Every structure is written in C-alpha cells, then in structure tokens.
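S.K.: Okay, here's the structure, questions in a sec.
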Amino acid sequence: MKRTVAVFGAGYIGLVTGACLAELGHTVTVRDIVPERIQQLDQGDVPIYEPGLVEMIARNTERLAFTLDANEAVRDAEIVYVCVDTPPTASGDADLSRVFAVIDVLKSASHLTAVVVKSTVPVGTGARIRAALDDAGLGHVGYAANPEFTAEGKAVSDFMHPDRVVVGTWEDATAKLVAELHDGVDGPVVLMDVPSAELTKLGANAALATKISLVNELATVCEATGADITQVAAAIGLDPRIGSHFMKAGLGYGGSCFPKDSRALRALASNNGYPFQLLTSVIEVNELQTRRHVQRLKVELDGLYRKKIAVLGMTFKPGTDDMREAPSAIIAARLLAEGAEVHCWDPMAKAQAVEPWTSTTRHETPLEALGGADAAIIVTEWPELAQVSWAEAHAVMRRPLILDGRNLLDPPTMAGHGFTYMSVGRPTSTV
Ligand code: UDX
C-alpha cells in the first residue's frame, strides 16, 4: 500500500530516503530548516553529490515535494521519518536536540500512524521518544527505529538493494507498516525490538572500523618485517569467516559515520560503567595512522621544514565531495605544523574556508600540485591518480618521493619511473 510520508532533514540520509520512498511509489514531503537548501531543491538542484540521486529526484517530482514548513510536511502525512543529524556534544554523547525538535512539532499531529527514526541515536532514545509521544497524547502513534547502513557514494543503491533493513518496534502493527513501506526494496527486512535496532547500527560500524584498524596494525607489522599487507590481507580474506571486504590498509577511516559512531559506542559503554577497550584501541590505531605516515615522510626527507609537499586527495574517500573527518585535514595540519609548504589537489572537494586549508595552495591538476614538490602523499585513492603520467610527474618534482597512503599504485612501476615509492604495509621500492 502506498503511503504519505514526511521526511525531516534534507541531508545525505533524508534526501536519499525521501527520493527512494518516492521511487517506491509513496508520496513524500522532505522538510529542512535551511532556506537555501529547499530553494535549490525546488529548482531541481540537488545540494549533495550521490550517484543516481539527481535522476531519481527528477523522475519522481510528482510524488516528491520540499518545504521549510514543518506543519505543511506533517499535515497529510501518515508516517514521519526523522533523518536529522545527531552531532557529538562535549561529553561525546549524541546531541538529540534536532530529533526532539521534530518530535515537538508532532504534538498536535494526532492523525499520524507512526514515527520512524533513521538518525543515528544512542540506545534508549526510542524509549524517550515513546514517552514524549505518550505525554503529548500520541500513545496511538507507533514508533520504529530504522537505522541506515548506507555508504556515501552508494547511498541510493544501498537503500534499494540493502544487505538488510533493520526495523525495531514495540508493536507488530508498526513493524508491519514499516516493513511494507519497503515493498520493492531488494533485501531482507529484519524485525527486532527498539534498543536492539539502535545498537545494531553502532555495532555494525564498530565491526567495520575494527576490521580496518586490524589491517592497518598488520600493515605496520609488515613494514617492520618486510612482509606485504596486500598479499597478507588477500590471503586472510579468502576465509569466508573473515571476508575480503574492508581489508584495505591505508591512512585510516574517516567520513561522517565510522569516527562518530565508534566514539559514540565507546561513550555509550563508558556511560554505563564499561570501558570498551577494544573500541578504544580501534580508535587509537586509526588516529595514529595519519601521524605515523607524516613521520615516515619526515624521516625520509630529513625534516619537513620548508619542504614542499603535494597532498593528493582531500575527501575522506573517492566518489564523494565529503570532507567530514577526512584524514587529509590531519595530514595537512601536521605538515604545516612541521613547517612544510602544502599544495593540494582534489577533483571534488569544495573550497574549504577553514584551517588547515586556508594555509595551503589548491591546484587544478595533480601535476600542477606536484610541480617542484619534495614529496607527494596520496591521501584519497581517486582513479584520476592512477591515470597521472608519473613519468611526467617525476620530471616536474624537485625530489622523486611518493608516499602512497592508499596503496593505489604499483610499486615496481613507480620504481621504474625513478621514484622512491613508499606505501602502507609494503616494502619501499626504489630503482
Ligand atoms: C560507512 C559504512 O560503510 C556504512 O555502512 C555506514 O552506514 C556509514 O559508514 P561511509 O562512511 O560512506 O560508510 O564510507 P565507507 O566506504 O564505508 O568508508 C569509510 C572509511 O573507511 C573511508 O575513509 C575509507 O577510506 C576507509 N576504509 C574502508 C579503509 O581504510 N579500508 C577499507 O578496507 C575500507
């Protein structure tokens, strides 16, 4: 059955959720508080980059509206989706003020059937929202936790073809309603209670972050012993109990989810009197990755003071313009702190009017950034970097030193071009 849905929040998650629900045939109004964002969307401009999203929004204009007015969004809605952000507070807890601002708006919406929360929230939030709804006389309105597991750059396909749709509820009718809302989605719906659904999201991200830190620690051991992490990880990953995904050594994870969610789960455990030691180590290993590799450059260059360093890639991963918690920011800031001159290139990162970027020079092409450089560090594995003429790059650099922080390039080929080629967890190659 097709439903009428209000989606609160037109960020990555809200926009994708709204567009995909419209694609599934539901009538959707997406509400945001930022006027420019709504204006842009009304004009058919999509303020975020996500493959397939522009086309999907254009295809569904008849069933998809955007508004600044919360009451307008809720007026005809049967279901309200909460997709607002929950940034960390000073104590490391999630700031739920935006979530509860939405719940406040619903106080007179007695016609609603269910409120569904997609925002990442600590365990126990659903129970608080339930109580708030009950206090407002909305005891008949169902509640569901429906966490997202979407990766940026794959958000539309992750929604339409998910590994699982997790729906946490307290009553069967709401479970059925939210499950049916996903009719047409190609993936299993997993029903559970609300606290379990809330923890599943944090647990899944903790598991993936743990895998990345494990492979990064193994890479450090490889560097110390002469082993090659790409060979080691490929062989380890063939065991289906381990799996080959998320086994790429590099400069560590960034983005809007892993750093925030791993810290949020650690804070949740600490608040309950339990020190989550494994997760603490995962976070520390990740933080060390960027610093450790800047130090490797420093040793190789005999100091970074007044050295010209090209930083290739700024976004936290390729295929996105997202700079949230990008390892590049720590790398650029560390290089500047050591007195280096930093020259950056990225094909998609928007201009950054904040430090460390304001103290760096941005270039249009990798070759331009590499001109006169004493070393280059590959921070994001953009496919464009594999296409660079490294022979030409060798000719324009002052010193032929590459630190490939994502193991993007081939060591013998780079050595063949005359580079000293360092990477993560692989032996350094030279001619
Ligand atoms: C992630 C999860 O994949 C998603 O399920 C969750 O809902 C949100 O967080 P996202 O942050 O978009 O999605 O990016 P992802 O592609 O998962 O990569 C996260 C980070 O880990 C990137 O910085 C990436 O470079 C790094 N990474 C990933 C590695 O260092 N090694 C790997 O093997 C995989």
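Letters A, B, ... mark the chains of the structure tokens in the order given; residue numbers begin at 1 per chain; ligand numbers begin at 1, in order shown.
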Using only C-alpha atoms and all ligand atoms, find each residue with an atom at most 6 Å away from ligand 1 and format the answer as a list in words.
M.R.: Glu148, Phe149, Thr150, Ala151, Glu152, Ile212, Phe246, Met247, Lys248, Ala249, Gly250, Gly252, Tyr253, Gly254, Gly255, Ser256, Cys257, Phe258, Phe316 and Lys317 of chain A
S.K.: Output the selection as a PDB file, in the first residue's frame - C-alpha atoms for each residue.
M.R.:
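Everything below was put into out_14.pdb:
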```pdb
ATOM      1  CA  GLU A 148      20.611   3.337   7.959  1.00  0.00           C
ATOM      2  CA  PHE A 149      23.620   1.383   6.767  1.00  0.00           C
ATOM      3  CA  THR A 150      24.306   3.412   3.653  1.00  0.00           C
ATOM      4  CA  ALA A 151      27.800   4.185   2.450  1.00  0.00           C
ATOM      5  CA  GLU A 152      28.338   7.523   0.742  1.00  0.00           C
ATOM      6  CA  ILE A 212      40.143  -1.501   9.151  1.00  0.00           C
ATOM      7  CA  PHE A 246      37.228  -3.707   4.473  1.00  0.00           C
ATOM      8  CA  MET A 247      40.685  -5.238   4.454  1.00  0.00           C
ATOM      9  CA  LYS A 248      42.453  -2.372   2.680  1.00  0.00           C
ATOM     10  CA  ALA A 249      45.312  -0.845   4.642  1.00  0.00           C
ATOM     11  CA  GLY A 250      45.595   2.915   4.336  1.00  0.00           C
ATOM     12  CA  GLY A 252      42.626   5.123   8.295  1.00  0.00           C
ATOM     13  CA  TYR A 253      38.897   5.614   8.137  1.00  0.00           C
ATOM     14  CA  GLY A 254      37.175   9.000   8.014  1.00  0.00           C
ATOM     15  CA  GLY A 255      33.749  10.253   7.000  1.00  0.00           C
ATOM     16  CA  SER A 256      30.539  11.027   8.793  1.00  0.00           C
ATOM     17  CA  CYS A 257      29.950   7.593  10.309  1.00  0.00           C
ATOM     18  CA  PHE A 258      32.874   5.482  11.495  1.00  0.00           C
ATOM     19  CA  PHE A 316      37.597  11.080   3.076  1.00  0.00           C
ATOM     20  CA  LYS A 317      37.183   8.613   0.212  1.00  0.00           C
TER      21      LYS A 317
END
```
S.K.: Near stretch 282-298 of chain A, counting only C-alpha atoms, which residues have an atom at most 8 Å away, once you skip same-chain residues fewer than 3 positions from it, shown as a list in words?
M.R.: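 With the cut-off at 8 Å, the set is Ala209, Thr210, Ser213, Leu214, Asn216, Glu217, Gly250, Leu251, Gly252, Tyr253, Pro259, Ser262, Arg263, Leu278, Leu279, Leu301, Asp302, Gly303, Leu304, Pro327, Ile330, Ile331, Arg334, Leu335, Ala375, Leu403 and Gly405 of chain A.
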S.K.: Determine, for each residue of stretch 28-126 of chain A having at least one atom at most 10 Å from an atom of stretch 13-17 of chain A, the closest pair of atoms and their separation in Å to one decimal, counting only C-alpha atoms; order by chain and ascending number, as JSON lines.
M.R.:
```
{"residue": "A:Val28", "atom": "CA", "partner": "A:Thr17", "partner_atom": "CA", "distance": 9.6}
{"residue": "A:Val30", "atom": "CA", "partner": "A:Leu15", "partner_atom": "CA", "distance": 7.3}
{"residue": "A:Arg31", "atom": "CA", "partner": "A:Gly14", "partner_atom": "CA", "distance": 8.8}
{"residue": "A:Asp32", "atom": "CA", "partner": "A:Gly14", "partner_atom": "CA", "distance": 9.2}
{"residue": "A:Leu41", "atom": "CA", "partner": "A:Leu15", "partner_atom": "CA", "distance": 9.8}
{"residue": "A:Val46", "atom": "CA", "partner": "A:Leu15", "partner_atom": "CA", "distance": 8.9}
{"residue": "A:Pro47", "atom": "CA", "partner": "A:Leu15", "partner_atom": "CA", "distance": 9.6}
{"residue": "A:Ile48", "atom": "CA", "partner": "A:Leu15", "partner_atom": "CA", "distance": 8.9}
{"residue": "A:Glu50", "atom": "CA", "partner": "A:Val16", "partner_atom": "CA", "distance": 8.5}
{"residue": "A:Gly52", "atom": "CA", "partner": "A:Val16", "partner_atom": "CA", "distance": 9.8}
{"residue": "A:Leu53", "atom": "CA", "partner": "A:Val16", "partner_atom": "CA", "distance": 7.0}
{"residue": "A:Val54", "atom": "CA", "partner": "A:Val16", "partner_atom": "CA", "distance": 10.0}
{"residue": "A:Met56", "atom": "CA", "partner": "A:Val16", "partner_atom": "CA", "distance": 9.2}
{"residue": "A:Ile57", "atom": "CA", "partner": "A:Leu15", "partner_atom": "CA", "distance": 8.9}
{"residue": "A:Phe66", "atom": "CA", "partner": "A:Leu15", "partner_atom": "CA", "distance": 9.8}
{"residue": "A:Tyr81", "atom": "CA", "partner": "A:Gly14", "partner_atom": "CA", "distance": 8.2}
{"residue": "A:Val82", "atom": "CA", "partner": "A:Gly14", "partner_atom": "CA", "distance": 7.8}
{"residue": "A:Cys83", "atom": "CA", "partner": "A:Gly14", "partner_atom": "CA", "distance": 5.0}
{"residue": "A:Val84", "atom": "CA", "partner": "A:Gly14", "partner_atom": "CA", "distance": 7.3}
{"residue": "A:Asp85", "atom": "CA", "partner": "A:Ile13", "partner_atom": "CA", "distance": 9.1}
{"residue": "A:Lys118", "atom": "CA", "partner": "A:Ile13", "partner_atom": "CA", "distance": 8.1}
{"residue": "A:Ser119", "atom": "CA", "partner": "A:Ile13", "partner_atom": "CA", "distance": 8.2}
```
S.K.: Suppose we keep N, CA, C and O atoms; can you now write the selection as a short mmCIF file (atom, residue, chain, number, x, y, z; two decimals), in the first residue's frame?
M.R.:
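See out32.cif below for the written result:
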```
data_model
loop_
_atom_site.label_atom_id
_atom_site.label_comp_id
_atom_site.auth_asym_id
_atom_site.auth_seq_id
_atom_site.Cartn_x
_atom_site.Cartn_y
_atom_site.Cartn_z
N VAL A 28 5.92 11.83 -0.83
CA VAL A 28 6.89 12.25 0.18
C VAL A 28 7.06 13.77 0.19
O VAL A 28 7.18 14.39 -0.87
N VAL A 30 9.80 16.37 1.89
CA VAL A 30 11.04 16.47 2.68
C VAL A 30 11.13 17.87 3.26
O VAL A 30 10.98 18.86 2.54
N ARG A 31 11.36 17.94 4.55
CA ARG A 31 11.43 19.23 5.21
C ARG A 31 12.84 19.49 5.75
O ARG A 31 13.46 18.60 6.34
N ASP A 32 13.35 20.70 5.52
CA ASP A 32 14.63 21.09 6.09
C ASP A 32 14.52 22.50 6.62
O ASP A 32 13.61 23.25 6.23
N LEU A 41 16.51 22.74 -4.01
CA LEU A 41 15.79 21.50 -4.34
C LEU A 41 14.54 21.81 -5.16
O LEU A 41 14.22 21.09 -6.10
N VAL A 46 20.31 19.45 -6.77
CA VAL A 46 20.49 18.59 -5.60
C VAL A 46 21.78 19.03 -4.90
O VAL A 46 22.85 19.01 -5.50
N PRO A 47 21.67 19.47 -3.63
CA PRO A 47 22.83 20.06 -2.97
C PRO A 47 23.94 19.08 -2.58
O PRO A 47 24.99 19.50 -2.13
N ILE A 48 23.71 17.79 -2.71
CA ILE A 48 24.77 16.83 -2.39
C ILE A 48 25.05 15.96 -3.61
O ILE A 48 24.18 15.82 -4.48
N GLU A 50 25.50 12.37 -4.98
CA GLU A 50 25.26 10.95 -4.68
C GLU A 50 24.81 10.31 -5.98
O GLU A 50 23.79 10.72 -6.55
N GLY A 52 23.11 8.72 -8.97
CA GLY A 52 21.73 8.28 -9.21
C GLY A 52 20.68 9.14 -8.54
O GLY A 52 19.49 9.02 -8.85
N LEU A 53 21.08 10.00 -7.61
CA LEU A 53 20.08 10.75 -6.82
C LEU A 53 19.40 11.83 -7.65
O LEU A 53 18.17 11.98 -7.59
N VAL A 54 20.17 12.58 -8.43
CA VAL A 54 19.59 13.66 -9.25
C VAL A 54 18.52 13.07 -10.16
O VAL A 54 17.39 13.58 -10.25
N MET A 56 16.93 10.25 -9.84
CA MET A 56 15.80 9.69 -9.10
C MET A 56 14.84 10.79 -8.66
O MET A 56 13.61 10.66 -8.76
N ILE A 57 15.39 11.92 -8.21
CA ILE A 57 14.55 13.04 -7.78
C ILE A 57 13.78 13.58 -8.99
O ILE A 57 12.57 13.83 -8.91
N PHE A 66 9.34 19.54 -1.44
CA PHE A 66 10.30 20.03 -0.44
C PHE A 66 9.69 21.24 0.24
O PHE A 66 9.03 22.05 -0.41
N TYR A 81 9.39 10.39 9.05
CA TYR A 81 10.74 9.86 9.11
C TYR A 81 11.66 10.93 9.69
O TYR A 81 11.67 12.06 9.19
N VAL A 82 12.43 10.61 10.70
CA VAL A 82 13.37 11.57 11.30
C VAL A 82 14.78 11.25 10.79
O VAL A 82 15.34 10.19 11.09
N CYS A 83 15.32 12.16 9.99
CA CYS A 83 16.65 11.94 9.37
C CYS A 83 17.56 13.14 9.65
O CYS A 83 18.35 13.53 8.79
N VAL A 84 17.41 13.74 10.83
CA VAL A 84 18.23 14.91 11.15
C VAL A 84 19.56 14.44 11.75
O VAL A 84 19.68 13.29 12.19
N ASP A 85 20.56 15.32 11.78
CA ASP A 85 21.86 14.88 12.29
C ASP A 85 21.91 14.94 13.81
O ASP A 85 21.15 15.67 14.46
N LYS A 118 15.54 7.41 11.71
CA LYS A 118 16.66 6.89 10.94
C LYS A 118 17.97 7.51 11.43
O LYS A 118 19.04 6.97 11.21
N SER A 119 17.88 8.66 12.09
CA SER A 119 19.07 9.30 12.65
C SER A 119 19.78 8.30 13.56
O SER A 119 19.13 7.48 14.21
#
```
S.K.: Can you list every residue in stretch 65-301 of chain A that DSSP puts in helix (DSSP H, G or I), as a PyMOL selection string?
M.R.: chain A and resi 70-75+97-108+125-135+155-160+172-181+194-225+229-237+258-271+277-300
S.K.: Kindly export the residues of the current selection with C-alpha atoms, as a CSV table (one decimal), in the first residue's frame.
M.R.:
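Done, and the output landed in again-v7.csv:
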```
chain,number,residue,atom,x,y,z
A,70,ALA,CA,7.2,21.6,9.3
A,71,ASN,CA,3.4,21.7,9.7
A,72,GLU,CA,2.9,21.6,5.9
A,73,ALA,CA,5.1,18.5,5.8
A,74,VAL,CA,3.1,16.8,8.5
A,75,ARG,CA,-0.4,17.9,7.5
A,97,SER,CA,18.1,18.4,20.2
A,98,ARG,CA,17.3,18.2,16.5
A,99,VAL,CA,15.5,14.9,16.9
A,100,PHE,CA,13.4,16.2,19.8
A,101,ALA,CA,12.7,19.4,17.9
A,102,VAL,CA,10.9,17.2,15.3
A,103,ILE,CA,9.0,15.3,18.0
A,104,ASP,CA,7.9,18.7,19.4
A,105,VAL,CA,6.4,19.7,16.0
A,106,LEU,CA,4.3,16.5,16.1
A,107,LYS,CA,2.5,17.3,19.3
A,108,SER,CA,-0.8,18.1,17.6
A,125,THR,CA,16.5,7.2,22.6
A,126,GLY,CA,13.5,5.3,21.3
A,127,ALA,CA,12.1,4.8,24.8
A,128,ARG,CA,12.5,8.6,25.4
A,129,ILE,CA,10.7,9.5,22.2
A,130,ARG,CA,8.0,6.9,23.0
A,131,ALA,CA,7.5,8.7,26.4
A,132,ALA,CA,7.4,12.1,24.7
A,133,LEU,CA,4.8,10.9,22.2
A,134,ASP,CA,2.7,9.4,25.1
A,135,ASP,CA,3.0,12.6,27.1
A,155,ALA,CA,23.5,5.5,-0.8
A,156,VAL,CA,20.8,5.1,-3.4
A,157,SER,CA,21.8,1.6,-4.3
A,158,ASP,CA,22.3,0.7,-0.6
A,159,PHE,CA,18.7,1.8,0.0
A,160,MET,CA,17.2,-0.1,-2.9
A,172,ASP,CA,3.5,-5.7,15.4
A,173,ALA,CA,1.3,-3.2,13.6
A,174,THR,CA,4.2,-0.7,13.3
A,175,ALA,CA,6.7,-3.4,12.3
A,176,LYS,CA,4.3,-4.5,9.5
A,177,LEU,CA,3.7,-0.9,8.4
A,178,VAL,CA,7.4,0.0,8.1
A,179,ALA,CA,8.3,-3.4,6.5
A,180,GLU,CA,5.5,-2.8,3.9
A,181,LEU,CA,6.9,0.7,3.3
A,194,VAL,CA,13.9,-0.9,19.5
A,195,PRO,CA,17.0,-1.0,21.7
A,196,SER,CA,18.4,-3.8,19.6
A,197,ALA,CA,17.9,-1.9,16.4
A,198,GLU,CA,19.6,1.2,17.9
A,199,LEU,CA,22.6,-0.9,18.9
A,200,THR,CA,22.8,-2.8,15.6
A,201,LYS,CA,23.7,0.4,13.8
A,202,LEU,CA,26.6,1.2,16.2
A,203,GLY,CA,27.7,-2.4,16.4
A,204,ALA,CA,27.9,-2.8,12.6
A,205,ASN,CA,30.0,0.3,12.2
A,206,ALA,CA,32.2,-0.8,15.1
A,207,ALA,CA,32.8,-4.1,13.4
A,208,LEU,CA,33.8,-2.5,10.2
A,209,ALA,CA,36.1,0.1,11.9
A,210,THR,CA,37.7,-2.8,13.8
A,211,LYS,CA,38.5,-4.6,10.6
A,212,ILE,CA,40.1,-1.5,9.2
A,213,SER,CA,42.2,-0.9,12.3
A,214,LEU,CA,43.2,-4.6,12.4
A,215,VAL,CA,44.5,-4.5,8.8
A,216,ASN,CA,46.3,-1.2,9.5
A,217,GLU,CA,48.1,-2.6,12.5
A,218,LEU,CA,49.0,-5.7,10.5
A,219,ALA,CA,50.4,-3.3,7.8
A,220,THR,CA,52.6,-1.7,10.5
A,221,VAL,CA,54.0,-5.1,11.3
A,222,CYS,CA,54.5,-5.7,7.6
A,223,GLU,CA,56.6,-2.5,7.3
A,224,ALA,CA,58.7,-3.7,10.3
A,225,THR,CA,59.3,-7.2,8.9
A,229,ILE,CA,50.0,-6.3,3.5
A,230,THR,CA,48.2,-6.6,0.2
A,231,GLN,CA,49.3,-10.2,-0.1
A,232,VAL,CA,48.7,-11.0,3.5
A,233,ALA,CA,45.2,-9.4,3.6
A,234,ALA,CA,44.1,-11.0,0.3
A,235,ALA,CA,45.0,-14.5,1.6
A,236,ILE,CA,43.4,-13.8,5.0
A,237,GLY,CA,40.3,-12.6,3.4
A,258,PHE,CA,32.9,5.5,11.5
A,259,PRO,CA,34.7,8.1,13.6
A,260,LYS,CA,31.5,9.5,15.1
A,261,ASP,CA,29.8,6.1,15.7
A,262,SER,CA,32.8,4.4,17.1
A,263,ARG,CA,33.3,7.2,19.6
A,264,ALA,CA,29.5,7.2,20.3
A,265,LEU,CA,29.5,3.5,21.1
A,266,ARG,CA,32.6,3.9,23.3
A,267,ALA,CA,30.8,6.8,25.2
A,268,LEU,CA,27.7,4.7,25.5
A,269,ALA,CA,29.7,1.9,27.1
A,270,SER,CA,31.6,4.3,29.4
A,271,ASN,CA,28.3,6.0,30.5
A,277,GLN,CA,38.8,-1.4,25.4
A,278,LEU,CA,38.7,-3.0,22.0
A,279,LEU,CA,37.0,0.0,20.5
A,280,THR,CA,39.3,2.4,22.3
A,281,SER,CA,42.2,0.6,20.6
A,282,VAL,CA,40.5,0.7,17.2
A,283,ILE,CA,40.1,4.5,17.6
A,284,GLU,CA,43.7,5.0,18.7
A,285,VAL,CA,45.1,2.9,15.9
A,286,ASN,CA,43.0,5.0,13.4
A,287,GLU,CA,44.3,8.2,14.9
A,288,LEU,CA,47.8,7.1,14.7
A,289,GLN,CA,47.7,6.2,11.0
A,290,THR,CA,47.9,9.8,9.7
A,291,ARG,CA,50.6,10.9,12.2
A,292,ARG,CA,52.7,7.8,11.7
A,293,HIS,CA,52.8,8.3,7.9
A,294,VAL,CA,53.7,12.0,8.2
A,295,GLN,CA,56.5,10.9,10.5
A,296,ARG,CA,57.7,8.4,7.8
A,297,LEU,CA,57.9,11.3,5.3
A,298,LYS,CA,59.7,13.5,7.8
A,299,VAL,CA,62.4,10.8,8.4
A,300,GLU,CA,62.8,10.2,4.7
```
S.K.: For A:Leu68, which of A:Thr29, A:Thr420, A:Thr413, A:Ser91 is the closest residue, counting only C-alpha atoms?
M.R.: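 The shortest atom-to-atom distance to A:Leu68 comes from A:Thr29.
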S.K.: Would you list the contacts of A:Arg306 as a list in words, taking every protein, DNA or RNA residue within 10 Å and counting only C-alpha atoms, but skipping same-chain residues closer than 4 positions in sequence?
M.R.: Leu335, Leu336, Glu338, Gly339, Ala340, Glu341, Val342 and Asp374 of chain A
S.K.: Go through A:Glu55, A:Asp69, A:Asp76, A:Asp322 and flag the residue nearest A:Pro35, using only C-alpha atoms for the distances.
M.R.: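 Ranking A:Glu55, A:Asp69, A:Asp76, A:Asp322 by distance to A:Pro35, first place goes to A:Asp69.
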S.K.: Give the answer as one residue: which of A:Pro318, A:Pro51, A:Ala65, A:Tyr143 has the shortest atom-to-atom distance to A:Gln39, using only C-alpha atoms?
M.R.: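 Between A:Pro318, A:Pro51, A:Ala65, A:Tyr143, the residue approaching A:Gln39 most closely is A:Ala65.
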S.K.: Compare A:Met348, A:His182, A:Lys308, A:Met414 by their minimum atom-to-atom distance to A:Met397, counting only C-alpha atoms, and give me the closest one.
M.R.: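 Of all the options, A:Lys308 lies closest to A:Met397.
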S.K.: For A:Asp95, which residue out of A:Cys344, A:Ala332, A:Val121, A:Leu24 is the nearest one, using only C-alpha atoms?
M.R.: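 The shortest atom-to-atom distance to A:Asp95 comes from A:Val121.
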S.K.: Out of A:Met192, A:Leu96, A:Ile309, A:Ala77, which residue has the shortest atom-to-atom distance to A:His111 when counting only C-alpha atoms?
M.R.: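 Between A:Met192, A:Leu96, A:Ile309, A:Ala77, the residue approaching A:His111 most closely is A:Ala77.
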S.K.: Fewer than 4 positions away in the same chain doesn't count, so skip those; otherwise give me all residues within 8 Å of A:Asp346, counting only C-alpha atoms, as a PDB file with C-alpha atoms, in the first residue's frame.
M.R.:
```pdb
ATOM      1  CA  LEU A 312      46.803  14.369  -3.475  1.00  0.00           C
ATOM      2  CA  GLY A 313      43.172  13.863  -2.498  1.00  0.00           C
ATOM      3  CA  MET A 314      41.282  15.694   0.254  1.00  0.00           C
ATOM      4  CA  THR A 315      37.885  13.970   0.578  1.00  0.00           C
ATOM      5  CA  HIS A 363      45.693  23.207  -7.640  1.00  0.00           C
ATOM      6  CA  GLU A 364      43.550  22.200 -10.611  1.00  0.00           C
ATOM      7  CA  THR A 365      45.536  19.105 -11.591  1.00  0.00           C
ATOM      8  CA  PRO A 366      47.761  16.615  -9.774  1.00  0.00           C
TER       9      PRO A 366
END
```
S.K.: Just want the 9 Å neighbourhood of A:Asp193, counted on only C-alpha atoms, with same-chain residues fewer than 6 positions away dropped. Output as number ranges by chain.
M.R.: A: 144-145, 167-171
S.K.: Using atom CA of A:Tyr421 and atom CA of A:Ala376 as the two end points, give the distance in Å to one decimal.
M.R.: 9.9 Å
S.K.: Could you check how far atom CA of A:Arg241 sits from atom CA of A:Gly226, in Å to one decimal?
M.R.: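 If I compute the distance from atom CA of A:Arg241 to atom CA of A:Gly226, I get 26.6 Å.
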S.K.: One number please: atom CA of A:Ala351 to atom CA of A:Val311, in Å, one decimal.
M.R.: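 Distance between the two atoms: 14.9 Å.
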